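Asker: I have a structure here, written as structure tokens, and I will follow up with some questions on it.
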Amino acid sequence: MAEKSVHEPFEAAGDPKHAARATRSAGRKMRSLLLDAASPLFRERGLSGTAITDIAAAADAFPSQITYYFRTKEALFVECACRDLLYLARATEQAALKARTPREYTHALAETVTASDSIAFFAEALTLTRRRQDLAPLVERTIERLHGEGARAYASQVERHGWRSLRAPDESSRRFWAVAIGVILEGYAMGRSPDELCAEMLRVLGEQAKSNDDTARLRLVGERDASSNSNEEG
């Protein structure tokens with residue numbers, strides 16, 4: 001029997017590592033399909049109005065696959081809400097990339113956030129985790145990622161355009177999302193339109209940064225002015 005060439009690859013079926021990677025890949029794909037199917041159902045019908053069988057049918061999957069990947073419907077609900085919030089954050093940052101002034105930047109952020117119901121969806125997940133503390137770590141990780149990525153995006157825009165930030169990037173990001181959650185939840189309860197929500201957000205946020213037309217070094221709140229200190233010491 002002829003021996004295989006040393007250059008001939010092993011068959012994938014005989015490679016345990018390949019099989020493991022394929023299994024993980026298939027698992028990630030199924031999780032994504034289930035999240036894609038569940039999210040619009042949860043948004044439309046809420047947690048109690050959505051059955052596991054409805055989600056399975058929408059994803060062309062079996063109900064047992066939902067419990068396998070997510071354990072419970074509540075866990076799936078929270079993961080959907082967290083994922084949608086991060087998608088919204090990414091869309092918000094993309095919308096603000098074209099801004100040339102601090103005012104345009106803040107308007108782009110507010111308009112994008114208030115045009116979506118993702119924050120209201122996430123607020124339902126927050127309420128749920130109050131009773132299900134086993135789901136709280138996912139929410140905590142989502143919030144930290146939201147703030148971290150928001151701070152990096154804001155700092156990048158400030159540096160890119162030479163704006164003078166009125167607050168440190170992390171503080172600005174946390175303040176923006178806290179205002180967004182508060183204004184949108186209150187607005188939903190009052191039946192306000194997206195335009196009204198946006199106007200209220202802009203009013204509460206005020207200025208986050210100012211254009212800096214000169215060539216002076218960009219300074220963030222809290223930084224020490226080295227030149228002033230040098231003069232004082234002298």
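Simple scheme: letters A, B, ... for chains in structure tokens order, numbers from 1 for residues in each chain, numbers from 1 for ligands in the order shown.
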Any chance you could list, as number ranges by chain, the residues in region 11-214 of chain A that come up helix (DSSP H, G or I) when DSSP is run on the backbone?
Answerer: A: 12-14, 16-45, 52-59, 63-70, 73-96, 102-114, 118-131, 133-161, 169-190, 194-205
Asker: Determine the nearest neighbour of Glu171 (chain A) from the options A:Arg203, A:Phe122, A:Val183, A:Gln208, counting only C-alpha atoms.
Answerer: A:Gln208
Asker: Among region 117-222 of chain A, which residues does DSSP mark as strand (DSSP E) when it is run on the backbone? Keep the chain and numbering as in the structure and answer as a PyMOL selection string.
Answerer: chain A and resi 164-165+209-210
Asker: I'd like the neighbourhood of Arg90 (chain A) as a list of chain:residue names, where a residue qualifies if any of its atoms comes within 12 Å (using only C-alpha atoms), though same-chain residues fewer than 5 positions away should be ignored.
Answerer: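 Counting only the stated atoms, we get A:Arg83, A:Asp84, A:Leu85, A:Ala95, A:Ala96, A:Leu97, A:Leu109, A:Thr112, A:Val113, A:Arg145, A:Leu146, A:His147, A:Glu149, A:Gly150, A:Arg152, A:Ala153.
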Asker: Keeping N, CA, C and O atoms, export the residues of the selection given above as an mmCIF file, in the first residue's frame.
Answerer:
data_model
loop_
_atom_site.group_PDB
_atom_site.id
_atom_site.type_symbol
_atom_site.label_atom_id
_atom_site.label_comp_id
_atom_site.auth_asym_id
_atom_site.auth_seq_id
_atom_site.Cartn_x
_atom_site.Cartn_y
_atom_site.Cartn_z
ATOM 1 N N ARG A 83 -26.962 42.576 23.867
ATOM 2 C CA ARG A 83 -26.381 42.615 22.525
ATOM 3 C C ARG A 83 -26.944 43.779 21.731
ATOM 4 O O ARG A 83 -26.200 44.502 21.049
ATOM 5 N N ASP A 84 -28.256 44.005 21.819
ATOM 6 C CA ASP A 84 -28.873 45.097 21.070
ATOM 7 C C ASP A 84 -28.368 46.457 21.537
ATOM 8 O O ASP A 84 -28.213 47.381 20.741
ATOM 9 N N LEU A 85 -28.101 46.589 22.844
ATOM 10 C CA LEU A 85 -27.577 47.851 23.349
ATOM 11 C C LEU A 85 -26.185 48.118 22.785
ATOM 12 O O LEU A 85 -25.868 49.254 22.393
ATOM 13 N N ALA A 95 -22.490 56.951 13.481
ATOM 14 C CA ALA A 95 -23.238 58.121 13.046
ATOM 15 C C ALA A 95 -22.518 59.416 13.390
ATOM 16 O O ALA A 95 -22.650 60.418 12.679
ATOM 17 N N ALA A 96 -21.758 59.395 14.475
ATOM 18 C CA ALA A 96 -21.076 60.610 14.935
ATOM 19 C C ALA A 96 -19.723 60.828 14.267
ATOM 20 O O ALA A 96 -19.119 61.890 14.451
ATOM 21 N N LEU A 97 -19.255 59.865 13.489
ATOM 22 C CA LEU A 97 -17.936 59.990 12.870
ATOM 23 C C LEU A 97 -17.861 61.152 11.881
ATOM 24 O O LEU A 97 -16.796 61.726 11.659
ATOM 25 N N LEU A 109 -25.188 61.786 18.168
ATOM 26 C CA LEU A 109 -25.353 60.780 19.214
ATOM 27 C C LEU A 109 -26.800 60.721 19.698
ATOM 28 O O LEU A 109 -27.408 59.641 19.782
ATOM 29 N N THR A 112 -29.406 59.367 17.062
ATOM 30 C CA THR A 112 -29.311 57.922 16.827
ATOM 31 C C THR A 112 -29.884 57.134 17.990
ATOM 32 O O THR A 112 -30.624 56.160 17.810
ATOM 33 N N VAL A 113 -29.542 57.530 19.202
ATOM 34 C CA VAL A 113 -29.996 56.810 20.390
ATOM 35 C C VAL A 113 -31.516 56.888 20.553
ATOM 36 O O VAL A 113 -32.172 55.890 20.879
ATOM 37 N N ARG A 145 -18.455 47.592 29.104
ATOM 38 C CA ARG A 145 -18.015 47.662 27.711
ATOM 39 C C ARG A 145 -18.616 48.888 27.027
ATOM 40 O O ARG A 145 -17.938 49.565 26.254
ATOM 41 N N LEU A 146 -19.860 49.173 27.327
ATOM 42 C CA LEU A 146 -20.537 50.347 26.769
ATOM 43 C C LEU A 146 -19.764 51.612 27.115
ATOM 44 O O LEU A 146 -19.480 52.448 26.258
ATOM 45 N N HIS A 147 -19.411 51.764 28.394
ATOM 46 C CA HIS A 147 -18.700 52.951 28.833
ATOM 47 C C HIS A 147 -17.276 52.990 28.286
ATOM 48 O O HIS A 147 -16.788 54.051 27.878
ATOM 49 N N GLU A 149 -15.972 51.559 25.517
ATOM 50 C CA GLU A 149 -15.918 51.842 24.083
ATOM 51 C C GLU A 149 -16.386 53.266 23.782
ATOM 52 O O GLU A 149 -15.869 53.927 22.882
ATOM 53 N N GLY A 150 -17.364 53.734 24.553
ATOM 54 C CA GLY A 150 -17.835 55.102 24.373
ATOM 55 C C GLY A 150 -16.759 56.113 24.703
ATOM 56 O O GLY A 150 -16.584 57.109 24.000
ATOM 57 N N ARG A 152 -13.490 55.641 24.592
ATOM 58 C CA ARG A 152 -12.445 55.601 23.564
ATOM 59 C C ARG A 152 -12.883 56.330 22.298
ATOM 60 O O ARG A 152 -12.091 57.061 21.685
ATOM 61 N N ALA A 153 -14.143 56.134 21.907
ATOM 62 C CA ALA A 153 -14.638 56.793 20.702
ATOM 63 C C ALA A 153 -14.655 58.309 20.873
ATOM 64 O O ALA A 153 -14.269 59.057 19.975
#
Asker: Which residue is closest to Leu138 (chain A)? Choose from A:Leu76, A:Ala99, A:Leu197, A:Phe42 and count only C-alpha atoms.
Answerer: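 Of A:Leu76, A:Ala99, A:Leu197, A:Phe42, the one nearest Leu138 (chain A), counting only C-alpha atoms, is A:Leu76.
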Asker: Restricting the calculation to only C-alpha atoms, which member of A:Ala115, A:Ile181, A:Phe121, A:Arg141 is positioned closest to Glu196 (chain A)?
Answerer: A:Ala115
Asker: I'd like to know which of A:Ser165, A:Thr72, A:Ser48, A:Ser156 is closest to Glu124 (chain A), using only C-alpha atoms.
Answerer: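 Once distances to Glu124 (chain A) are computed over only C-alpha atoms, the minimum belongs to A:Ser48.
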Asker: Quick one: distance from CA of Leu166 (chain A) to CA of Ser116 (chain A) in Å, one decimal?
Answerer: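 It comes out at 27.3 Å.
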Asker: Go through A:Ala81, A:Leu47, A:Leu35, A:Arg164 and flag the residue nearest Ala59 (chain A), using only C-alpha atoms for the distances.
Answerer: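 Distance minimum relative to Ala59 (chain A) lands on A:Leu35.
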Asker: For Glu79 (chain A), list every protein, DNA or RNA residue within 12 Å, evaluated using only C-alpha atoms, and leave out those in the same chain fewer than 6 positions away; present the list as a PyMOL selection string.
Answerer: chain A and resi 31-32+34-36+38-39+42+69-73+85-86+121-122+124-126+128-129+135-142
Asker: Please save C-alpha atoms of the selected residues as a short mmCIF file (atom, residue, chain, number, x, y, z; two decimals), in the first residue's frame.
Answerer:
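Output below, filename again_35.cif:
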data_model
loop_
_atom_site.label_atom_id
_atom_site.label_comp_id
_atom_site.auth_asym_id
_atom_site.auth_seq_id
_atom_site.Cartn_x
_atom_site.Cartn_y
_atom_site.Cartn_z
CA ARG A 31 -26.52 31.08 19.29
CA SER A 32 -26.49 33.98 16.87
CA LEU A 34 -31.46 32.19 18.19
CA LEU A 35 -30.59 35.73 19.33
CA ASP A 36 -31.57 37.13 15.92
CA ALA A 38 -35.67 36.13 19.70
CA SER A 39 -34.85 39.84 19.74
CA PHE A 42 -39.16 40.04 22.72
CA TYR A 69 -27.42 27.33 24.75
CA PHE A 70 -29.16 29.76 27.14
CA ARG A 71 -30.63 27.56 29.92
CA THR A 72 -33.73 29.77 30.39
CA LYS A 73 -35.90 32.16 28.44
CA LEU A 85 -27.58 47.85 23.35
CA LEU A 86 -24.01 47.28 22.17
CA PHE A 121 -35.43 46.95 25.85
CA PHE A 122 -32.27 47.00 27.95
CA GLU A 124 -36.46 45.65 30.94
CA ALA A 125 -33.40 43.44 31.28
CA LEU A 126 -32.14 45.62 34.13
CA LEU A 128 -35.34 41.43 35.39
CA THR A 129 -31.84 41.09 36.84
CA LEU A 135 -27.99 37.19 35.20
CA ALA A 136 -26.40 40.35 36.63
CA PRO A 137 -22.79 39.61 35.52
CA LEU A 138 -23.78 39.80 31.84
CA VAL A 139 -25.42 43.18 32.41
CA GLU A 140 -22.41 44.41 34.35
CA ARG A 141 -20.01 43.39 31.57
CA THR A 142 -22.25 45.06 28.99
#
Asker: Separation of CA of Gly49 (chain A) and CA of Ala91 (chain A), in Å?
Answerer: 28.4 Å
